[in-house]
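Here the structure is laid out as structure tokens; the discussion comes afterwards.
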Amino acid sequence: MATPGGSFLSNKYLIRFCVFVFLTTLCSLEKGYALSLTERSADSTNSVHDHTHHTVQLNSLLPAKTCSPSTRGHDNKKASLEVVHKHGPCSKHNQHKTKIPTHTQILQEDQARVNSIHARLNGDELRQSDTSIPTKSGRVLGSPNYIVTLGLGSPPRQLSLVFDTGSDLTWTQCQPCVKSCYQQNEPIFDPSLSKSYTNISCKSPVCSLLKSATGNTPLCATGTSTCIYGIQYGDQSFSIGYFAKDSLTLTPTDLFDGFLFGCGQDNEGLFQGSAGFLGLGRNKISLIEQTAQKYGRFFSYCLPSTPSSTGYLSFGRGGEGPSNNAKFTPLTTVSQGGSFYGLNVVGIIVGGRQLSIPASVFSSSGAIIDSGTVITRLQATAYSALRDAFRQGMTGYPQAEAFSLLDTCYDFSRNNTISFPTIAFAFGGGVKLDLDASGIFVVVSTSKVCLAFAGNSDDSDFAIFGNVQQKRLQVVYDVAGGKIGFAPAGCP
Ligand SMILES: *[C@@H]1O[C@H](CO)[C@@H](O)[C@H](O)[C@H]1NC(C)=O
Ligand SMILES: *[C@@H]1O[C@H](CO)[C@@H](O)[C@H](O)[C@H]1NC(C)=O
């Protein structure tokens with residue numbers, strides 16, 4: 001049986017929320033929606049780079065224990081926010097209150113996110129059947145580890161949110177946490193303390209925007225008629241609550257009245273360490289669209305090379321970008337996953353040599369760029385070519401056993417200086433992007449340093465340009481101009 005509305009999972013969560021939460025306020029279900037009720041429940045700044053190899057000190061690949069923030073001024077006149085790694089020493093709120101996930105967990109969550117992205121891009125969400133695997137639906141967020149702090153409400157309350165180009169709805173945990181809130185480091189947002197907070201009514205046209213933004217049909221609280229959103233991220237993580245609006249303060253001078261967001265009353269799963277999410281996708285309710293008048297759908301960010309450093313997220317052309325040396329490639333539109341930013345990969349260069357991968361391998365499925373996917377995924381054929389070429393350049397080092405989804409690992413524990421092939425991507429428009437030295441490995445330990453790429457099991461699935469590979473690059477999204485730019489060494 002096909003579901004007319006959202007997925008089974010979403011129904012499950014929303015219904016659960018309604019049953020357990022609205023003891024006094026009944027949820028009214030849309031027709032058809034109810035049908036499925038019972039279905040189922042390296043700091044490498046010192047690296048030497050000769051176009052064919054990076055040569056770095058082993059120590060530079062390891063994260064430092066103390067924070068050395070970017071000295072780049074965070075001029076308040078610019079709409080620029082500091083980006084920190086959720087679990088690193090630069091996260092002000094990371095006082096060992098939250099558990100730091102293991103590398104194994106991070107990679108498992110990353111795979112769950114990738115499965116969910118592929119499901120969305122393949123349209124599985126829309127034609128989900130009884131036999132589909134529940135974890136394939138939803139907005140799986142994996143480990144999108146980078147957070148920014150902004151203000152919500154009047155007076156503004158500081159909240160640290162994970163920013164995510166792969167989703168659209170911004171939400172934060174909200175008092176009174178009717179059903180459940182996980183532990184967060186800042187006080188949980190309390191709408192009753194904000195003079196400008198308003199619930200969105202189900203009758204409001206913006207309530208219906210939630211369907212395309214979250215994949216779930218919104219519900220309606222009878223009596224108060226408050227619009228209820230539900231967003232689930234697979235592996236049991238979800239947020240459900242009131243769709244609302246309030247003032248958003250990005251910087252002291254950049255304030256947006258009536259910013260639409262989710263006021264989460266039931267938030268469960270793998271969100272620890274942040275107060276919620278900041279959706280930077282292409283859908284109407286994303287931050288980019290809601291601030292389009294002021295910033296013209298233009299933003300850029302730089303993800304720091306290690307958790308012990310900081311980067312930035314800037315909005316508008318007057319922000320921190322674009323640097324003059326950014327090279328732009330056309331931004332493509334991905335039909336099924338309307339919120340994703342599409343990229344046109346045309347080639348891969350390892351150690352200065354272009355791999356012989358037929359163009360059809362890249363063009364038959366396509367690629368997106370995502371701030372929340374950790375490890376870049378490539379078509380199986382492209383990945384094996386990359387891996388083989390990389391291994392050939394690494395024969396001087398002892399190999400280590402595969403780790404999780406990473407099959408090319410090395411034991412560097414007895415080498416002080418490491419030399420490894422450069423990796424570059426060729427994009428449409430004649431753009432060649434050299435990855436930073438910090439964007440090639442995942443360091444599990446000095447005796448297990450792994451190539452941070454993986455192949456898709458299905459050649460028809462999209463490639464995903466992930467956040468390890470984006471490290472230190474200034475990534476410029478000129479959405480209005482239909483292009484994405486990259487510049488080297490945007491942050492430490
Ligand atoms: C928002 O809606 C919820 C659910 O109907 C209600 O409990 C809450 O009081 C409302 N808040 C405001 C400020 O109207
Ligand atoms: C790295 O260390 C191993 C173990 O001592 C050694 O066999 C290998 O030659 C070293 N590799 C390089 C490139 O120095």
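Numbering starts fresh at 1 for the residues of each chain in the structure tokens, the chains themselves are lettered A, B, ... in the order given, and ligands are numbered from 1 as they appear.
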Inset, instruction - Based on DSSP run over this structure's backbone, return all residues of range 235-337 of chain A in strand (DSSP E or B), as a PyMOL selection string. - result: chain A and resi 238-251+254-268+276-279+298-303+311-315+327-330+332-333
Please write out the residues within 6 Å of ligand 2 as a PDB file with N, CA, C and O atoms, in the first residue's frame, counting only C-alpha atoms and all ligand atoms.
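Listed below is the output, selection.pdb:
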```pdb
ATOM      1  N   GLY A 396      55.141   3.025  -0.038  1.00  0.00           N
ATOM      2  CA  GLY A 396      56.211   3.151   0.956  1.00  0.00           C
ATOM      3  C   GLY A 396      55.725   3.051   2.397  1.00  0.00           C
ATOM      4  O   GLY A 396      56.534   3.118   3.328  1.00  0.00           O
ATOM      5  N   TYR A 397      54.418   2.893   2.597  1.00  0.00           N
ATOM      6  CA  TYR A 397      53.890   2.869   3.967  1.00  0.00           C
ATOM      7  C   TYR A 397      53.175   1.562   4.246  1.00  0.00           C
ATOM      8  O   TYR A 397      52.469   1.040   3.371  1.00  0.00           O
ATOM      9  N   ARG A 414      55.177   4.804  12.758  1.00  0.00           N
ATOM     10  CA  ARG A 414      56.640   4.867  12.798  1.00  0.00           C
ATOM     11  C   ARG A 414      57.224   5.826  11.749  1.00  0.00           C
ATOM     12  O   ARG A 414      58.399   5.762  11.430  1.00  0.00           O
ATOM     13  N   ASN A 415      56.415   6.674  11.202  1.00  0.00           N
ATOM     14  CA  ASN A 415      56.897   7.669  10.242  1.00  0.00           C
ATOM     15  C   ASN A 415      56.593   9.068  10.794  1.00  0.00           C
ATOM     16  O   ASN A 415      55.464   9.336  11.189  1.00  0.00           O
TER      17      ASN A 415
END
```
Can you build me a table of chain A residues sitting at most 7 Å from ligand 1, with the closest atom pair per residue and its distance in Å to one decimal, using only C-alpha atoms and all ligand atoms, sorted by chain and residue number, as CSV?
```
residue,atom,partner,partner_atom_place_in_ligand_line,distance
A:Pro191,CA,ligand 1,13 (C),6.3
A:Ser192,CA,ligand 1,13 (C),6.3
A:Tyr197,CA,ligand 1,13 (C),6.3
A:Thr198,CA,ligand 1,13 (C),5.6
A:Asn199,CA,ligand 1,1 (C),5.0
A:Ala221,CA,ligand 1,5 (O),5.7
A:Thr224,CA,ligand 1,5 (O),4.6
A:Ser225,CA,ligand 1,5 (O),6.4
A:Thr226,CA,ligand 1,5 (O),4.9
A:Tyr242,CA,ligand 1,2 (O),6.3
```
Contacts of Thr249 in chain A at 8 Å (only C-alpha atoms; same-chain gap of 2+ positions) as a short mmCIF file (atom, residue, chain, number, x, y, z; two decimals) with N, CA and C atoms, in the first residue's frame:
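Output below, filename selection_9.cif:
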```cif
data_model
loop_
_atom_site.label_atom_id
_atom_site.label_comp_id
_atom_site.auth_asym_id
_atom_site.auth_seq_id
_atom_site.Cartn_x
_atom_site.Cartn_y
_atom_site.Cartn_z
N LEU A 150 23.66 31.59 17.05
CA LEU A 150 22.88 32.76 16.65
C LEU A 150 21.82 33.03 17.71
N GLY A 151 21.10 34.15 17.52
CA GLY A 151 20.12 34.55 18.52
C GLY A 151 18.70 34.35 18.04
N LEU A 152 17.83 33.87 18.93
CA LEU A 152 16.42 33.68 18.57
C LEU A 152 15.55 34.35 19.63
N GLY A 153 14.51 35.07 19.17
CA GLY A 153 13.55 35.68 20.09
C GLY A 153 13.90 37.11 20.45
N PRO A 156 17.05 38.38 22.25
CA PRO A 156 17.61 37.18 21.65
C PRO A 156 18.28 36.24 22.65
N SER A 247 11.89 36.41 15.97
CA SER A 247 13.00 37.18 15.41
C SER A 247 14.28 36.37 15.45
N THR A 251 23.61 38.49 13.38
CA THR A 251 24.68 39.29 13.95
C THR A 251 23.97 40.48 14.59
N PRO A 252 24.66 41.26 15.43
CA PRO A 252 23.97 42.36 16.09
C PRO A 252 23.25 43.31 15.13
N THR A 253 23.70 43.38 13.90
CA THR A 253 23.03 44.30 12.97
C THR A 253 22.12 43.59 11.97
N ASP A 254 22.14 42.28 11.95
CA ASP A 254 21.33 41.55 10.98
C ASP A 254 20.23 40.77 11.68
N LEU A 255 19.07 41.40 11.70
CA LEU A 255 17.94 40.83 12.42
C LEU A 255 16.78 40.58 11.47
N PHE A 256 16.14 39.43 11.59
CA PHE A 256 15.02 39.08 10.71
C PHE A 256 13.78 38.82 11.55
#
```
Inset, instruction - For Ala463 in chain A, work out the shell of residues within 9 Å, counting only C-alpha atoms and skipping chain neighbours fewer than 2 positions away, then give it as a list in words. - result: Val345, Phe362, Ser365, Gly366, Ala367, Ile368, Ile369, Thr376, Arg377, Leu378, Gln379, Gly455, Asn456, Asp461 and Phe465 of chain A
Store the residues of this selection in a file with C-alpha atoms, as a JSON list (two decimals), in the first residue's frame.
```json
[["chain", "number", "residue", "atom", "x", "y", "z"],
["A", 345, "VAL", "CA", 31.94, 16.36, -11.47],
["A", 362, "PHE", "CA", 29.87, 10.79, -13.56],
["A", 365, "SER", "CA", 23.89, 9.70, -11.82],
["A", 366, "GLY", "CA", 25.25, 13.12, -10.90],
["A", 367, "ALA", "CA", 26.65, 14.67, -7.73],
["A", 368, "ILE", "CA", 25.69, 16.98, -4.90],
["A", 369, "ILE", "CA", 27.72, 18.95, -2.37],
["A", 376, "THR", "CA", 32.84, 11.81, -0.02],
["A", 377, "ARG", "CA", 30.94, 9.09, -1.85],
["A", 378, "LEU", "CA", 31.79, 8.29, -5.45],
["A", 379, "GLN", "CA", 30.34, 6.00, -8.08],
["A", 455, "GLY", "CA", 32.30, 4.01, -3.20],
["A", 456, "ASN", "CA", 28.53, 3.81, -3.61],
["A", 461, "ASP", "CA", 23.47, 6.54, -6.97],
["A", 465, "PHE", "CA", 31.05, 15.80, -2.05]]
```
Legend entry - Residue among A:Gln158, A:Ser201, A:Ser300, A:Gln272 lying closest to Phe243 in chain A, counting only C-alpha atoms: A:Ser201
Legend entry - Close residues, Pro89 in chain A itself excluded, 12 Å, only C-alpha atoms, min 6 positions apart in chain, as an NGL selection string: :A and (63-69 or 95-96 or 100 or 306-310)
Any chance you can output those residues with N, CA, C and O atoms as a PDB file, in the first residue's frame?
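Saved result, out-v6.pdb, follows:
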```
ATOM      1  N   PRO A  63      44.536  16.025  15.950  1.00  0.00           N
ATOM      2  CA  PRO A  63      43.868  17.202  16.515  1.00  0.00           C
ATOM      3  C   PRO A  63      44.563  17.689  17.796  1.00  0.00           C
ATOM      4  O   PRO A  63      45.042  16.881  18.588  1.00  0.00           O
ATOM      5  N   ALA A  64      44.625  18.998  17.965  1.00  0.00           N
ATOM      6  CA  ALA A  64      45.208  19.567  19.174  1.00  0.00           C
ATOM      7  C   ALA A  64      44.154  19.575  20.280  1.00  0.00           C
ATOM      8  O   ALA A  64      42.964  19.475  20.018  1.00  0.00           O
ATOM      9  N   LYS A  65      44.616  19.685  21.528  1.00  0.00           N
ATOM     10  CA  LYS A  65      43.667  19.660  22.648  1.00  0.00           C
ATOM     11  C   LYS A  65      43.148  21.047  23.012  1.00  0.00           C
ATOM     12  O   LYS A  65      42.187  21.184  23.745  1.00  0.00           O
ATOM     13  N   THR A  66      43.821  22.053  22.512  1.00  0.00           N
ATOM     14  CA  THR A  66      43.374  23.406  22.841  1.00  0.00           C
ATOM     15  C   THR A  66      42.931  24.122  21.574  1.00  0.00           C
ATOM     16  O   THR A  66      43.365  23.787  20.476  1.00  0.00           O
ATOM     17  N   CYS A  67      42.085  25.107  21.768  1.00  0.00           N
ATOM     18  CA  CYS A  67      41.538  25.827  20.617  1.00  0.00           C
ATOM     19  C   CYS A  67      42.459  26.956  20.188  1.00  0.00           C
ATOM     20  O   CYS A  67      42.905  27.752  21.009  1.00  0.00           O
ATOM     21  N   SER A  68      42.767  27.009  18.913  1.00  0.00           N
ATOM     22  CA  SER A  68      43.461  28.179  18.365  1.00  0.00           C
ATOM     23  C   SER A  68      42.539  28.781  17.320  1.00  0.00           C
ATOM     24  O   SER A  68      42.574  28.391  16.164  1.00  0.00           O
ATOM     25  N   PRO A  69      41.675  29.705  17.764  1.00  0.00           N
ATOM     26  CA  PRO A  69      40.684  30.244  16.833  1.00  0.00           C
ATOM     27  C   PRO A  69      41.341  30.986  15.689  1.00  0.00           C
ATOM     28  O   PRO A  69      42.456  31.486  15.812  1.00  0.00           O
ATOM     29  N   GLN A  95      31.708  21.161  27.358  1.00  0.00           N
ATOM     30  CA  GLN A  95      32.437  20.937  28.611  1.00  0.00           C
ATOM     31  C   GLN A  95      32.243  19.508  29.102  1.00  0.00           C
ATOM     32  O   GLN A  95      31.849  19.265  30.227  1.00  0.00           O
ATOM     33  N   HIS A  96      32.507  18.579  28.202  1.00  0.00           N
ATOM     34  CA  HIS A  96      32.422  17.150  28.514  1.00  0.00           C
ATOM     35  C   HIS A  96      31.061  16.749  29.053  1.00  0.00           C
ATOM     36  O   HIS A  96      30.927  15.761  29.725  1.00  0.00           O
ATOM     37  N   ILE A 100      31.244  12.197  23.265  1.00  0.00           N
ATOM     38  CA  ILE A 100      31.806  12.357  21.937  1.00  0.00           C
ATOM     39  C   ILE A 100      31.669  11.016  21.223  1.00  0.00           C
ATOM     40  O   ILE A 100      32.087   9.990  21.735  1.00  0.00           O
ATOM     41  N   THR A 306      40.920  21.311  11.489  1.00  0.00           N
ATOM     42  CA  THR A 306      40.832  20.419  12.650  1.00  0.00           C
ATOM     43  C   THR A 306      39.800  20.995  13.629  1.00  0.00           C
ATOM     44  O   THR A 306      39.487  22.187  13.575  1.00  0.00           O
ATOM     45  N   PRO A 307      39.309  20.147  14.550  1.00  0.00           N
ATOM     46  CA  PRO A 307      38.351  20.646  15.545  1.00  0.00           C
ATOM     47  C   PRO A 307      38.960  21.693  16.474  1.00  0.00           C
ATOM     48  O   PRO A 307      38.238  22.383  17.186  1.00  0.00           O
ATOM     49  N   SER A 308      40.290  21.830  16.461  1.00  0.00           N
ATOM     50  CA  SER A 308      40.905  22.806  17.351  1.00  0.00           C
ATOM     51  C   SER A 308      41.081  24.164  16.675  1.00  0.00           C
ATOM     52  O   SER A 308      41.782  25.032  17.185  1.00  0.00           O
ATOM     53  N   SER A 309      40.433  24.340  15.557  1.00  0.00           N
ATOM     54  CA  SER A 309      40.465  25.645  14.905  1.00  0.00           C
ATOM     55  C   SER A 309      39.031  26.054  14.536  1.00  0.00           C
ATOM     56  O   SER A 309      38.104  25.296  14.763  1.00  0.00           O
ATOM     57  N   THR A 310      38.879  27.253  14.005  1.00  0.00           N
ATOM     58  CA  THR A 310      37.535  27.730  13.687  1.00  0.00           C
ATOM     59  C   THR A 310      37.440  28.189  12.228  1.00  0.00           C
ATOM     60  O   THR A 310      38.442  28.546  11.615  1.00  0.00           O
TER      61      THR A 310
END
```
Inset, instruction - Determine, counting only C-alpha atoms, which protein, DNA and RNA residues have an atom within 8 Å of an atom of Val476 in chain A; residues of the same chain fewer than 4 positions away are not included. Present the result as a ChimeraX atom specification. - result: /A:298-301,321-322,326,484-486
Legend entry - Using only C-alpha atoms: which of A:Ser356, A:Ser363, A:Ser460, A:Gln399 has the shortest distance to Leu121 in chain A: A:Ser460
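Atom to atom, CA of Asn467 in chain A and CA of Arg297 in chain A stand 21.1 Å apart.
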Inset, instruction - Could you tell me, as a ChimeraX atom specification, which residues of range 272-368 of chain A DSSP assigns to helix (DSSP H, G or I) when given the backbone? - result: /A:287-290,292-295,359-365
Those residues you just picked out, can you put them in a file as a compact mmCIF listing (two decimals), in the first residue's frame with C-alpha atoms?
```txt
# COMPACT_ATOMS: atom_id res chain seq x y z
CA LEU A 287 17.38 30.24 5.98
CA ILE A 288 18.76 31.08 2.53
CA GLU A 289 15.28 31.62 1.10
CA GLN A 290 13.92 33.39 4.18
CA ALA A 292 16.86 36.16 0.26
CA GLN A 293 15.80 39.82 0.19
CA LYS A 294 18.76 40.89 2.25
CA TYR A 295 21.46 38.45 1.19
CA ALA A 359 32.54 10.62 -18.47
CA SER A 360 29.36 8.56 -18.42
CA VAL A 361 30.24 7.27 -14.94
CA PHE A 362 29.87 10.79 -13.56
CA SER A 363 27.06 11.99 -15.78
CA SER A 364 24.70 9.03 -15.48
CA SER A 365 23.89 9.70 -11.82
```
Inset, instruction - Write out as an MDAnalysis selection string the residues lying within 10 Å of Phe390 in chain A, counting only C-alpha atoms and excluding same-chain residues fewer than 3 positions away. - result: chainID A and resid 350:351 384:387 393:395 408 420:423 451
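Among the candidate residues A:Gly215, A:Tyr341, A:Leu405, A:Phe163, the one lying nearest to Ala119 in chain A is A:Gly215, with distances computed using only C-alpha atoms.
Each of A:Gly279, A:Gly429, A:Pro205, A:Gly352 was compared to Thr165 in chain A using only C-alpha atoms, and A:Gly279 turns out to be the nearest.
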Inset, instruction - May I ask which of the residues A:Leu406, A:Ser371, A:Leu193, A:Phe328 is the closest one to Val468 in chain A, counting only C-alpha atoms? - result: A:Ser371
Closest-contact table, range 183-203 of chain A side, partner range 273-276 of chain A, 12 Å, counting only C-alpha atoms, as a Markdown table:
```
| residue | atom | partner | partner_atom | distance |
| --- | --- | --- | --- | --- |
| A:Gln183 | CA | A:Gly273 | CA | 8.0 |
| A:Gln184 | CA | A:Ala275 | CA | 5.9 |
| A:Asn185 | CA | A:Gly273 | CA | 6.8 |
| A:Glu186 | CA | A:Ala275 | CA | 7.4 |
| A:Pro187 | CA | A:Ala275 | CA | 8.9 |
| A:Ile188 | CA | A:Ala275 | CA | 7.4 |
| A:Phe189 | CA | A:Ala275 | CA | 8.7 |
```
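Comparing A:Cys263, A:Val374, A:Ala213, A:Val83 by their smallest distance to Lys284 in chain A, the closest is A:Ala213 (using only C-alpha atoms).
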